[in-house]
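Enquirer: Pasting a structure here, questions to come.
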Amino acid sequence: MRVTTRRIAPEGAHRSLGLTDDEFGQIIGVLGRAPTDVELAMYSVMWSEHCSYKSSRVHLGRLPTTGAHVIVGPGENAGVVDVGDGVAVAVRIESHNHPSAIEPYQGAATGVGGILRDIFTMGARPIALMDPLFIGSLSDARSRYILDGVVRGISGYGNSVGVPTVGGQITFDDIYAGNPLVNVFCLGLMHVDHLVLGRATGVGNLAVLLGSRTGRDGIGGVSVLASAAFGETGADADAAKRPSVQVGDPYEEKRLIEACLQLLDEHLVVGIQDLGGAGLACATSETAARGGLGMDVDVTAVPRREPAMSAVEVMTSESQERMLAIVEPAALDRVVEVCSRWEVTATVVGRVGPCDADGVGRLRIRDGDGGEILAEVPAASLADDAPRYRRPLSPPADLAERRLRDPSLLDAPADCGADLLALLVDASWIYRQYDHQLFLNTVLGPGDGDAALLRCSSPGIEWTGKALAMSADANPGWCLVDPRLGTAATVAESALNVACTGARPIALVNCLNFGNPEHPEVMWQLSEAIDGMTEACEALAIPVVGGNVSLYNASEGRDIDPTPVVAVVGLLDRLQRRPPAISWRAGDTIVMLGRTVPSLGGSRWARALRAHVDGELAPLDLVAHARLVDLVASLVAAEAGADDAPGLVSGLHDVSDGGLAVALAELAVASGVGCAVRRVASHAELFAESPSRVLVATPRPEQLVAAAYAAGVEAAPVGVARGERLVVEGLVDLSLDEIADARRAHLEGAIEAPASGG
């Protein structure tokens with residue numbers, strides 16, 4: 001069947017597709033002629049902010065990306081780090097923000113599906129998911145509707161495909177009401193020698209499309225524009241005008257995972273790439289560009305599930321559950337046989353070609369095998385040569401004034417206990433929707449510890465006693481006050497969370513969620529955040545092995561607050577028993593590691609209870625923080641790594657969001673044991689979120705304090721675990737029941753209210 005006829009894109013069509021006049025001029029310069037409709041559509045999606053990072057690439061290069069464990073850094077589908085014993089970990093984080101605002105269930109579900117493919121395309125089996133979520137205030141009916149749909153989408157897809165969701169983060173704020181953020185992190189395990197990259201190598205090798213048939217779902221953003229830009233009218237144009245959210249099928253994804261992993265186990269593919277953003281246009285151009293070769297694609301060979309699809313639609317569709325494998329001709333029969341076993345469609349849609357006389361690898365889209373050429377472009381011009389903008393950046397004009405408005409000068413609360421109750425949120429309603437024990441690897445699951453902890457094993461990879469820790473963190477309140485220091489503090493917190501499981505941080509991925517990059521203040525926030533991340537990663541020796549940038553997060557003309565999400569992975573060399581978690585035992589002494597700076601700048605107390613977003617953050621000493629991370633990891637690893645553990649640490653919890661007050665409340669409720677804490681100087685000290693602090697419960701405080709001082713870390717007893725009330729002398733006196741009820745009411749009480757999609 002012939003799909004379309006070749007035609008030059010109409011004058012002005014590029015503007016409807018989101019390309020500027022200058023960018024259109026660059027395309028003409030690359031091609032030496034006006035582009036066809038298919039070429040223009042491919043450039044529009046590949047040169048979009050989502051695919052090309054054209055506003056952020058000039059800044060991302062500052063991040064540290066190498067380290068002793070790193071096998072694959074940024075630029076591939078996922079980062080890969082070596083954890084020993086011939087085993088590697090693949091990690092990736094992505095956003096599905098705008099689709100989730102349009103259709104929460106499918107937006108979140110297909111976000112999970114896409115991140116899973118990023119992992120198994122490297123040859124790794126996905127074994128864990130995490131989901132940092134940022135939703136509008138629960139007093140808003142639409143935000144409750146979005147939260148409900150997003151949680152159901154994550155659980156519906158992750159549970160069905162068989163990958164546990166082991167943690168995440170939830171933030172509620174009015175700034176996200178019109179533009180929620182749905183970020184998804186995934187980790188997978190693989191044998192090092194099974195690593196396959198997304199590269200088209202070997203002239204004459206076949207491009208084989210695996211998985212679902214291609215439909216119009218996921219191309220609303222392109223097809224709606226294309227129908228107008230390319231002059232389509234009538235039924236075809238009306239059919240194209242549908243939501244731009246992909247539709248996921250987790251059962252197809254499960255079959256695709258198993259088929260692809262078997263193909264990789266049998267070394268039947270020489271390259272593989274998932275079809276995510278920009279669909280086939282992305283997968284073909286990126287694999288060809290990475291391999292330094294060309295590719296011919298027969299658009300009529302692509303299996304479709306809808307009639308009368310144009311070549312533009314076929315090449316830019318973001319239909320889910322699809323992969324592009326590069327296969328040697330001699331292996332094709334076995335590839336088809338393996339896919340047939342897993343009920344996965346495998347179709348040859350192209351062939352790897354040589355470079356031309358000028359050394360350029362060209363991507364050709366044909367109407368039939370050997371038929372008319374609908375598009376012919378240098379593959380690298382799509383994949384690598386998008387414009388790179390050094391957009392204007394500048395801090396807010398009133399930044400100096402804002403930093404002088406110290407929230408510590410606000411009136412002290414009449415009742416610190418009431419303020420504490422107002423800050424508490426129990427996310428267990430969300431976690432109950434997820435199966436976090438799939439594979440039976442989860443040692444510390446959602447809410448158990450400051451980070452998730454899993455045995456380092458999966459089907460086909462035997463457990464050798466090692467464990468992997470994962471923490472996904474963000475603090476928009478910090479980053480709004482000071483994006484540079486706030487991001488550095490977020491990295492520091494995530495590393496400390498991992499250390500609280502006994503693991504040592506070995507790699508980081510990030511999801512940088514920001515507003516409109518055409519606004520100089522937003523670009524200043526992004527640049528500052530990258531510098532803060534760089535400083536923290538260098539000081540803590542944590543390489544950045546991948547990431548994602550999500551821009552244009554705004555609604556009703558208002559940019560979201562800067563929301564860089566940091567996911568840190570750590571390695572625990574020996575796991576003999578469950579490490580201490582967020583808990584304590586009656587009679588334990590509570591020791592604070594680190595020093596409190598009574599600053600309320602960027603704190604949840606100031607933001608959530610006083611609507612105050614100014615001031616300055618407490619300072620962060622990264623050298624001292626590195627000592628704290630090393631100490632905490634060593635103490636907990638000693639408890640987890642031997643049958644005759646020293647018993648020095650009963651439980652622990654980092655002090656961050658909500659300060660000392662929230663950390664004490666969470667420890668008390670988790671343990672069912674209250675506490676009596678010595679007098680705290682003020683509400684500022686109680687709710688301060690100064691960095692580099694951990695509460696440790698211990699039966700032997702003198703020995704713990706001595707170990708801390710030997711490591712160069714400040715330490716002091718602050719109270720004792722006992723009774724059924726949380727008492728901070730002179731400031732707080734609450735029963736455990738009051739605390740537990742308040743934590744549940746904030747989320748579960750709001751969810752029970754009527755939700756609305758309007």
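Within each chain, counting starts at residue 1; across the structure tokens, chains are named A, B, ... in the order shown, with ligands numbered 1 upward in that order.
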Could you go through region 413-522 of chain A and tell me which residues DSSP, when run on the backbone, assigns to strand (DSSP E), listing them as a PyMOL selection string?

Expert: chain A and resi 442-444+452-455+467-473+504-513

Enquirer: Fewer than 4 positions away in the same chain doesn't count, so skip those; otherwise give me all residues within 10 Å of region 328-338 of chain A, counting only C-alpha atoms, as a PyMOL selection string.

Expert: chain A and resi 201-208+210+258-260+262-263+266-270+342-348+351-352

Enquirer: Would you mind exporting the chosen residues as an mmCIF file, in the first residue's frame, restricted to N, CA, C and O atoms?

Expert:
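Full text of out30.cif as output:
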data_model
loop_
_atom_site.group_PDB
_atom_site.id
_atom_site.type_symbol
_atom_site.label_atom_id
_atom_site.label_comp_id
_atom_site.auth_asym_id
_atom_site.auth_seq_id
_atom_site.Cartn_x
_atom_site.Cartn_y
_atom_site.Cartn_z
ATOM 1 N N THR A 201 25.044 -0.169 13.365
ATOM 2 C CA THR A 201 26.352 -0.511 12.815
ATOM 3 C C THR A 201 26.186 -1.611 11.777
ATOM 4 O O THR A 201 25.221 -2.364 11.784
ATOM 5 N N GLY A 202 27.160 -1.689 10.867
ATOM 6 C CA GLY A 202 27.173 -2.757 9.867
ATOM 7 C C GLY A 202 26.313 -2.447 8.655
ATOM 8 O O GLY A 202 25.085 -2.616 8.690
ATOM 9 N N VAL A 203 26.939 -1.977 7.596
ATOM 10 C CA VAL A 203 26.205 -1.691 6.358
ATOM 11 C C VAL A 203 25.508 -2.966 5.878
ATOM 12 O O VAL A 203 26.107 -4.045 5.833
ATOM 13 N N GLY A 204 24.237 -2.845 5.550
ATOM 14 C CA GLY A 204 23.453 -3.991 5.117
ATOM 15 C C GLY A 204 22.658 -4.637 6.224
ATOM 16 O O GLY A 204 21.773 -5.470 5.961
ATOM 17 N N ASN A 205 22.951 -4.275 7.481
ATOM 18 C CA ASN A 205 22.150 -4.805 8.580
ATOM 19 C C ASN A 205 20.726 -4.260 8.509
ATOM 20 O O ASN A 205 20.471 -3.191 7.948
ATOM 21 N N LEU A 206 19.806 -4.998 9.117
ATOM 22 C CA LEU A 206 18.386 -4.700 8.995
ATOM 23 C C LEU A 206 17.881 -3.894 10.184
ATOM 24 O O LEU A 206 18.311 -4.109 11.326
ATOM 25 N N ALA A 207 16.980 -2.965 9.909
ATOM 26 C CA ALA A 207 16.269 -2.239 10.962
ATOM 27 C C ALA A 207 14.932 -2.939 11.163
ATOM 28 O O ALA A 207 14.086 -2.943 10.263
ATOM 29 N N VAL A 208 14.751 -3.545 12.339
ATOM 30 C CA VAL A 208 13.573 -4.363 12.607
ATOM 31 C C VAL A 208 12.739 -3.687 13.689
ATOM 32 O O VAL A 208 13.223 -3.431 14.803
ATOM 33 N N LEU A 210 9.986 -3.762 16.442
ATOM 34 C CA LEU A 210 9.422 -4.758 17.344
ATOM 35 C C LEU A 210 8.274 -4.151 18.141
ATOM 36 O O LEU A 210 8.340 -2.985 18.559
ATOM 37 N N GLU A 258 10.414 -9.316 27.691
ATOM 38 C CA GLU A 258 10.954 -10.680 27.654
ATOM 39 C C GLU A 258 11.562 -11.004 26.297
ATOM 40 O O GLU A 258 12.618 -11.647 26.213
ATOM 41 N N ALA A 259 10.916 -10.563 25.227
ATOM 42 C CA ALA A 259 11.460 -10.823 23.887
ATOM 43 C C ALA A 259 12.800 -10.125 23.703
ATOM 44 O O ALA A 259 13.778 -10.724 23.232
ATOM 45 N N CYS A 260 12.867 -8.844 24.086
ATOM 46 C CA CYS A 260 14.110 -8.092 23.895
ATOM 47 C C CYS A 260 15.240 -8.656 24.750
ATOM 48 O O CYS A 260 16.388 -8.761 24.286
ATOM 49 N N GLN A 262 15.610 -11.708 25.746
ATOM 50 C CA GLN A 262 16.080 -12.959 25.146
ATOM 51 C C GLN A 262 16.927 -12.683 23.910
ATOM 52 O O GLN A 262 17.971 -13.332 23.697
ATOM 53 N N LEU A 263 16.520 -11.722 23.100
ATOM 54 C CA LEU A 263 17.331 -11.361 21.929
ATOM 55 C C LEU A 263 18.725 -10.902 22.355
ATOM 56 O O LEU A 263 19.733 -11.247 21.716
ATOM 57 N N GLU A 266 20.870 -13.812 23.663
ATOM 58 C CA GLU A 266 21.393 -14.642 22.576
ATOM 59 C C GLU A 266 22.263 -13.852 21.608
ATOM 60 O O GLU A 266 22.691 -14.379 20.579
ATOM 61 N N HIS A 267 22.510 -12.572 21.942
ATOM 62 C CA HIS A 267 23.377 -11.719 21.117
ATOM 63 C C HIS A 267 22.889 -11.672 19.666
ATOM 64 O O HIS A 267 23.674 -11.734 18.727
ATOM 65 N N LEU A 268 21.576 -11.510 19.515
ATOM 66 C CA LEU A 268 20.971 -11.508 18.184
ATOM 67 C C LEU A 268 20.819 -10.105 17.603
ATOM 68 O O LEU A 268 20.442 -9.969 16.439
ATOM 69 N N VAL A 269 21.057 -9.077 18.391
ATOM 70 C CA VAL A 269 20.955 -7.715 17.875
ATOM 71 C C VAL A 269 22.279 -6.995 18.116
ATOM 72 O O VAL A 269 22.975 -7.258 19.101
ATOM 73 N N VAL A 270 22.619 -6.109 17.212
ATOM 74 C CA VAL A 270 23.868 -5.352 17.351
ATOM 75 C C VAL A 270 23.616 -3.930 17.825
ATOM 76 O O VAL A 270 24.548 -3.196 18.146
ATOM 77 N N TRP A 342 7.124 -14.919 22.043
ATOM 78 C CA TRP A 342 6.590 -13.977 23.025
ATOM 79 C C TRP A 342 5.402 -13.182 22.473
ATOM 80 O O TRP A 342 4.954 -12.230 23.109
ATOM 81 N N GLU A 343 4.912 -13.571 21.318
ATOM 82 C CA GLU A 343 3.765 -12.913 20.684
ATOM 83 C C GLU A 343 4.042 -11.432 20.447
ATOM 84 O O GLU A 343 3.196 -10.556 20.688
ATOM 85 N N VAL A 344 5.237 -11.164 19.955
ATOM 86 C CA VAL A 344 5.661 -9.805 19.621
ATOM 87 C C VAL A 344 5.878 -9.717 18.117
ATOM 88 O O VAL A 344 6.584 -10.553 17.539
ATOM 89 N N THR A 345 5.299 -8.733 17.483
ATOM 90 C CA THR A 345 5.462 -8.547 16.045
ATOM 91 C C THR A 345 6.865 -8.038 15.740
ATOM 92 O O THR A 345 7.370 -7.124 16.400
ATOM 93 N N ALA A 346 7.512 -8.621 14.738
ATOM 94 C CA ALA A 346 8.837 -8.185 14.289
ATOM 95 C C ALA A 346 8.776 -7.951 12.787
ATOM 96 O O ALA A 346 8.459 -8.867 12.028
ATOM 97 N N THR A 347 9.074 -6.731 12.360
ATOM 98 C CA THR A 347 8.927 -6.354 10.957
ATOM 99 C C THR A 347 10.160 -5.604 10.480
ATOM 100 O O THR A 347 10.583 -4.626 11.119
ATOM 101 N N VAL A 348 10.737 -6.048 9.368
ATOM 102 C CA VAL A 348 11.853 -5.318 8.764
ATOM 103 C C VAL A 348 11.298 -4.058 8.121
ATOM 104 O O VAL A 348 10.435 -4.124 7.235
ATOM 105 N N ARG A 351 17.050 -0.644 6.329
ATOM 106 C CA ARG A 351 18.374 -1.254 6.192
ATOM 107 C C ARG A 351 19.428 -0.179 6.438
ATOM 108 O O ARG A 351 19.286 0.963 5.995
ATOM 109 N N VAL A 352 20.490 -0.563 7.132
ATOM 110 C CA VAL A 352 21.605 0.341 7.386
ATOM 111 C C VAL A 352 22.376 0.529 6.093
ATOM 112 O O VAL A 352 22.689 -0.445 5.391
#

Enquirer: If you count only C-alpha atoms, which residues fall within 10 Å of Phe185 (chain A), apart from same-chain ones fewer than 2 positions away, as a tab-separated table (two decimals) with all heavy atoms, in the first residue's frame?

Expert:
chain	number	residue	atom	x	y	z
A	91	VAL	N	20.31	2.99	34.91
A	91	VAL	CA	19.42	3.92	35.60
A	91	VAL	C	19.00	5.04	34.65
A	91	VAL	O	19.76	5.47	33.79
A	91	VAL	CB	20.09	4.53	36.85
A	91	VAL	CG1	20.19	3.52	37.96
A	91	VAL	CG2	21.47	5.10	36.52
A	92	ARG	N	17.77	5.50	34.86
A	92	ARG	CA	17.23	6.56	34.01
A	92	ARG	C	16.09	7.25	34.75
A	92	ARG	O	15.38	6.60	35.53
A	92	ARG	CB	16.71	5.96	32.70
A	92	ARG	CG	16.02	6.92	31.76
A	92	ARG	CD	16.98	7.82	31.04
A	92	ARG	NE	16.30	8.60	30.01
A	92	ARG	CZ	16.88	9.54	29.29
A	92	ARG	NH1	18.16	9.80	29.47
A	92	ARG	NH2	16.20	10.22	28.38
A	93	ILE	N	15.91	8.54	34.52
A	93	ILE	CA	14.76	9.27	35.03
A	93	ILE	C	14.20	10.11	33.90
A	93	ILE	O	14.95	10.64	33.07
A	93	ILE	CB	15.13	10.13	36.25
A	93	ILE	CG1	13.87	10.66	36.94
A	93	ILE	CG2	16.06	11.27	35.88
A	93	ILE	CD1	14.13	11.28	38.31
A	94	GLU	N	12.88	10.19	33.82
A	94	GLU	CA	12.21	10.92	32.75
A	94	GLU	C	11.01	11.67	33.32
A	94	GLU	O	10.58	11.42	34.44
A	94	GLU	CB	11.73	9.97	31.64
A	94	GLU	CG	12.74	9.76	30.52
A	94	GLU	CD	12.78	10.91	29.53
A	94	GLU	OE1	12.06	11.92	29.75
A	94	GLU	OE2	13.50	10.81	28.53
A	95	SER	N	10.49	12.58	32.53
A	95	SER	CA	9.27	13.30	32.91
A	95	SER	C	8.17	13.00	31.92
A	95	SER	O	8.42	12.73	30.74
A	95	SER	CB	9.54	14.81	32.93
A	95	SER	OG	9.90	15.27	31.63
A	111	GLY	N	4.35	7.17	30.93
A	111	GLY	CA	5.63	7.59	31.48
A	111	GLY	C	6.38	6.40	32.06
A	111	GLY	O	7.59	6.25	31.89
A	112	VAL	N	5.66	5.53	32.76
A	112	VAL	CA	6.26	4.31	33.29
A	112	VAL	C	6.73	3.42	32.14
A	112	VAL	O	7.85	2.90	32.14
A	112	VAL	CB	5.26	3.56	34.19
A	112	VAL	CG1	5.80	2.18	34.57
A	112	VAL	CG2	4.96	4.36	35.44
A	115	ILE	N	9.99	4.73	30.47
A	115	ILE	CA	11.22	4.60	31.26
A	115	ILE	C	11.65	3.15	31.35
A	115	ILE	O	12.85	2.84	31.38
A	115	ILE	CB	11.03	5.22	32.66
A	115	ILE	CG1	12.40	5.58	33.29
A	115	ILE	CG2	10.26	4.31	33.59
A	115	ILE	CD1	13.04	6.78	32.69
A	116	LEU	N	10.70	2.22	31.36
A	116	LEU	CA	11.06	0.80	31.35
A	116	LEU	C	11.82	0.46	30.06
A	116	LEU	O	12.82	-0.28	30.08
A	116	LEU	CB	9.81	-0.07	31.46
A	116	LEU	CG	9.06	-0.03	32.79
A	116	LEU	CD1	7.76	-0.81	32.68
A	116	LEU	CD2	9.91	-0.59	33.92
A	128	ALA	N	13.02	-1.97	39.52
A	128	ALA	CA	12.46	-1.02	40.49
A	128	ALA	C	12.10	0.29	39.82
A	128	ALA	O	12.80	0.76	38.92
A	128	ALA	CB	13.45	-0.77	41.63
A	129	LEU	N	11.00	0.89	40.30
A	129	LEU	CA	10.55	2.20	39.86
A	129	LEU	C	10.41	3.12	41.07
A	129	LEU	O	10.14	2.66	42.18
A	129	LEU	CB	9.18	2.10	39.18
A	129	LEU	CG	9.09	1.38	37.84
A	129	LEU	CD1	7.66	0.97	37.56
A	129	LEU	CD2	9.61	2.28	36.72
A	130	MET	N	10.59	4.42	40.84
A	130	MET	CA	10.26	5.43	41.84
A	130	MET	C	9.54	6.57	41.12
A	130	MET	O	9.78	6.80	39.93
A	130	MET	CB	11.51	5.96	42.55
A	130	MET	CG	12.31	4.89	43.28
A	130	MET	SD	13.70	5.55	44.21
A	130	MET	CE	12.91	5.95	45.75
A	131	ASP	N	8.69	7.29	41.84
A	131	ASP	CA	7.87	8.29	41.17
A	131	ASP	C	7.76	9.58	41.99
A	131	ASP	O	6.85	9.73	42.80
A	131	ASP	CB	6.47	7.73	40.87
A	131	ASP	CG	5.76	7.26	42.13
A	131	ASP	OD1	6.44	6.91	43.09
A	131	ASP	OD2	4.52	7.28	42.15
A	132	PRO	N	8.63	10.56	41.77
A	132	PRO	CA	8.45	11.88	42.37
A	132	PRO	C	7.30	12.62	41.68
A	132	PRO	O	7.29	12.78	40.46
A	132	PRO	CB	9.79	12.58	42.09
A	132	PRO	CG	10.75	11.49	41.70
A	132	PRO	CD	9.91	10.43	41.05
A	165	THR	N	7.16	-0.62	42.34
A	165	THR	CA	7.39	0.80	42.64
A	165	THR	C	7.77	0.88	44.11
A	165	THR	O	6.95	0.60	44.99
A	165	THR	CB	6.13	1.63	42.35
A	165	THR	OG1	5.78	1.48	40.97
A	165	THR	CG2	6.37	3.10	42.64
A	167	GLY	N	9.30	3.51	45.89
A	167	GLY	CA	9.42	4.77	46.61
A	167	GLY	C	9.15	5.93	45.69
A	167	GLY	O	8.73	5.77	44.54
A	168	GLY	N	9.39	7.13	46.21
A	168	GLY	CA	9.17	8.34	45.44
A	168	GLY	C	9.07	9.52	46.37
A	168	GLY	O	9.62	9.54	47.47
A	183	ASN	N	7.42	12.66	37.35
A	183	ASN	CA	8.74	12.15	37.02
A	183	ASN	C	8.81	10.68	37.41
A	183	ASN	O	8.25	10.28	38.43
A	183	ASN	CB	9.83	12.92	37.75
A	183	ASN	CG	9.99	14.37	37.27
A	183	ASN	OD1	10.83	15.10	37.76
A	183	ASN	ND2	9.16	14.82	36.34
A	187	LEU	N	15.37	1.57	37.62
A	187	LEU	CA	16.67	0.91	37.77
A	187	LEU	C	16.54	-0.52	37.26
A	187	LEU	O	15.55	-1.20	37.51
A	187	LEU	CB	17.10	0.93	39.23
A	187	LEU	CG	18.41	0.24	39.60
A	187	LEU	CD1	19.10	0.99	40.75
A	187	LEU	CD2	18.18	-1.21	40.03
A	470	MET	N	18.23	3.46	46.59
A	470	MET	CA	17.74	4.46	45.65
A	470	MET	C	16.98	5.53	46.41
A	470	MET	O	16.14	5.21	47.26
A	470	MET	CB	16.79	3.84	44.63
A	470	MET	CG	17.45	2.87	43.67
A	470	MET	SD	16.26	1.64	43.09
A	470	MET	CE	16.28	0.53	44.49
A	471	SER	N	17.27	6.78	46.10
A	471	SER	CA	16.52	7.88	46.69
A	471	SER	C	16.25	8.92	45.62
A	471	SER	O	17.15	9.30	44.86
A	471	SER	CB	17.32	8.52	47.83
A	471	SER	OG	16.62	9.60	48.40
A	472	ALA	N	15.00	9.37	45.52
A	472	ALA	CA	14.62	10.42	44.57
A	472	ALA	C	14.13	11.62	45.38
A	472	ALA	O	13.18	11.50	46.15
A	472	ALA	CB	13.54	9.93	43.62
A	509	VAL	N	21.23	10.48	38.60
A	509	VAL	CA	20.53	10.97	37.41
A	509	VAL	C	19.59	12.08	37.87
A	509	VAL	O	19.19	12.13	39.04
A	509	VAL	CB	19.73	9.86	36.68
A	509	VAL	CG1	20.68	8.87	36.03
A	509	VAL	CG2	18.77	9.15	37.62
A	510	ASN	N	19.25	12.97	36.95
A	510	ASN	CA	18.45	14.13	37.35
A	510	ASN	C	17.34	14.40	36.34
A	510	ASN	O	17.45	14.05	35.17
A	510	ASN	CB	19.33	15.37	37.48
A	510	ASN	CG	20.00	15.74	36.17
A	510	ASN	OD1	19.36	16.19	35.22
A	510	ASN	ND2	21.32	15.55	36.10
A	511	CYS	N	16.28	15.01	36.83
A	511	CYS	CA	15.19	15.49	35.97
A	511	CYS	C	15.00	16.96	36.30
A	511	CYS	O	14.54	17.31	37.40
A	511	CYS	CB	13.92	14.69	36.22
A	511	CYS	SG	12.70	14.87	34.91
A	566	VAL	N	16.50	14.88	41.90
A	566	VAL	CA	17.77	14.17	41.95
A	566	VAL	C	17.51	12.74	42.43
A	566	VAL	O	16.87	12.53	43.45
A	566	VAL	CB	18.75	14.88	42.92
A	566	VAL	CG1	19.96	14.00	43.19
A	566	VAL	CG2	19.17	16.22	42.36
A	567	ALA	N	17.99	11.77	41.67
A	567	ALA	CA	17.90	10.37	42.08
A	567	ALA	C	19.32	9.82	42.22
A	567	ALA	O	20.08	9.80	41.25
A	567	ALA	CB	17.12	9.55	41.06

Enquirer: Each residue of region 581-637 of chain A lying at most 7 Å from region 402-418 of chain A should get a row with its shortest atom-to-atom pair and the distance in Å to one decimal, counting only C-alpha atoms; could you produce that, ordered by chain and increasing number, as CSV?

Expert:
residue,atom,partner,partner_atom,distance
A:Ser599,CA,A:Ser408,CA,6.6
A:Leu600,CA,A:Ser408,CA,5.7
A:Gly601,CA,A:Pro407,CA,6.1
A:Ala606,CA,A:Pro407,CA,6.3
A:His612,CA,A:Pro407,CA,6.7
A:Asp614,CA,A:Arg402,CA,5.2
A:Gly615,CA,A:Arg403,CA,4.1
A:Glu616,CA,A:Arg403,CA,5.4

Enquirer: Can those selected residues be exported to a file as a PDB file, in the first residue's frame so that it contains all heavy atoms?

Expert:
ATOM      1  N   SER A 599      17.730  28.614  60.692  1.00  0.00           N
ATOM      2  CA  SER A 599      17.301  29.421  59.552  1.00  0.00           C
ATOM      3  C   SER A 599      16.015  28.835  58.979  1.00  0.00           C
ATOM      4  O   SER A 599      15.924  27.626  58.756  1.00  0.00           O
ATOM      5  CB  SER A 599      18.387  29.427  58.474  1.00  0.00           C
ATOM      6  OG  SER A 599      17.871  29.917  57.249  1.00  0.00           O
ATOM      7  N   LEU A 600      15.039  29.677  58.713  1.00  0.00           N
ATOM      8  CA  LEU A 600      13.765  29.216  58.161  1.00  0.00           C
ATOM      9  C   LEU A 600      13.629  29.546  56.677  1.00  0.00           C
ATOM     10  O   LEU A 600      12.580  29.314  56.085  1.00  0.00           O
ATOM     11  CB  LEU A 600      12.599  29.837  58.938  1.00  0.00           C
ATOM     12  CG  LEU A 600      12.441  29.321  60.375  1.00  0.00           C
ATOM     13  CD1 LEU A 600      11.412  30.147  61.126  1.00  0.00           C
ATOM     14  CD2 LEU A 600      12.047  27.850  60.372  1.00  0.00           C
ATOM     15  N   GLY A 601      14.676  30.078  56.072  1.00  0.00           N
ATOM     16  CA  GLY A 601      14.638  30.367  54.647  1.00  0.00           C
ATOM     17  C   GLY A 601      14.399  29.099  53.841  1.00  0.00           C
ATOM     18  O   GLY A 601      15.103  28.106  54.024  1.00  0.00           O
ATOM     19  N   ALA A 606       7.744  28.025  56.632  1.00  0.00           N
ATOM     20  CA  ALA A 606       7.550  29.376  56.104  1.00  0.00           C
ATOM     21  C   ALA A 606       6.663  29.368  54.864  1.00  0.00           C
ATOM     22  O   ALA A 606       5.769  30.207  54.714  1.00  0.00           O
ATOM     23  CB  ALA A 606       8.908  30.002  55.776  1.00  0.00           C
ATOM     24  N   HIS A 612       5.404  32.404  52.891  1.00  0.00           N
ATOM     25  CA  HIS A 612       6.618  33.219  52.822  1.00  0.00           C
ATOM     26  C   HIS A 612       7.683  32.440  52.053  1.00  0.00           C
ATOM     27  O   HIS A 612       8.079  31.345  52.469  1.00  0.00           O
ATOM     28  CB  HIS A 612       7.111  33.534  54.235  1.00  0.00           C
ATOM     29  CG  HIS A 612       8.211  34.543  54.288  1.00  0.00           C
ATOM     30  ND1 HIS A 612       7.999  35.863  54.633  1.00  0.00           N
ATOM     31  CD2 HIS A 612       9.527  34.454  54.021  1.00  0.00           C
ATOM     32  CE1 HIS A 612       9.144  36.531  54.583  1.00  0.00           C
ATOM     33  NE2 HIS A 612      10.090  35.683  54.221  1.00  0.00           N
ATOM     34  N   ASP A 614      10.718  33.888  50.816  1.00  0.00           N
ATOM     35  CA  ASP A 614      11.936  34.685  50.697  1.00  0.00           C
ATOM     36  C   ASP A 614      12.947  34.290  51.768  1.00  0.00           C
ATOM     37  O   ASP A 614      12.760  33.318  52.487  1.00  0.00           O
ATOM     38  CB  ASP A 614      11.594  36.178  50.804  1.00  0.00           C
ATOM     39  CG  ASP A 614      10.680  36.635  49.689  1.00  0.00           C
ATOM     40  OD1 ASP A 614      10.841  36.132  48.554  1.00  0.00           O
ATOM     41  OD2 ASP A 614       9.800  37.486  49.941  1.00  0.00           O
ATOM     42  N   GLY A 615      13.995  35.098  51.865  1.00  0.00           N
ATOM     43  CA  GLY A 615      15.043  34.836  52.837  1.00  0.00           C
ATOM     44  C   GLY A 615      16.256  34.187  52.199  1.00  0.00           C
ATOM     45  O   GLY A 615      16.463  34.257  50.986  1.00  0.00           O
ATOM     46  N   GLU A 616      17.073  33.567  53.020  1.00  0.00           N
ATOM     47  CA  GLU A 616      18.277  32.870  52.562  1.00  0.00           C
ATOM     48  C   GLU A 616      18.305  31.468  53.148  1.00  0.00           C
ATOM     49  O   GLU A 616      17.793  31.231  54.253  1.00  0.00           O
ATOM     50  CB  GLU A 616      19.535  33.636  52.983  1.00  0.00           C
ATOM     51  CG  GLU A 616      19.734  34.943  52.260  1.00  0.00           C
ATOM     52  CD  GLU A 616      21.079  35.574  52.590  1.00  0.00           C
ATOM     53  OE1 GLU A 616      21.265  35.998  53.744  1.00  0.00           O
ATOM     54  OE2 GLU A 616      21.942  35.613  51.691  1.00  0.00           O
TER      55      GLU A 616
END

Enquirer: Name the residues of region 129-174 of chain A that come out as helix (DSSP H, G or I) in a backbone DSSP run; write them as a list in words.

Expert: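 Filtering region 129-174 of chain A down to helix (DSSP H, G or I) leaves Ala141, Arg142, Ser143, Arg144, Tyr145, Ile146, Leu147, Asp148, Gly149, Val150, Val151, Arg152, Gly153, Ile154, Ser155, Gly156, Tyr157, Gly158, Asn159, Ser160, Val161 and Asp174 of chain A.
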
Enquirer: Counting only C-alpha atoms, what is within 7 Å of region 311-327 of chain A, bar same-chain residues fewer than 4 positions away, as a PyMOL selection string?

Expert: chain A and resi 3-4+38+41-42+200+205-212+214-219+223+246-248+252-253+268-281+283+299+331-332
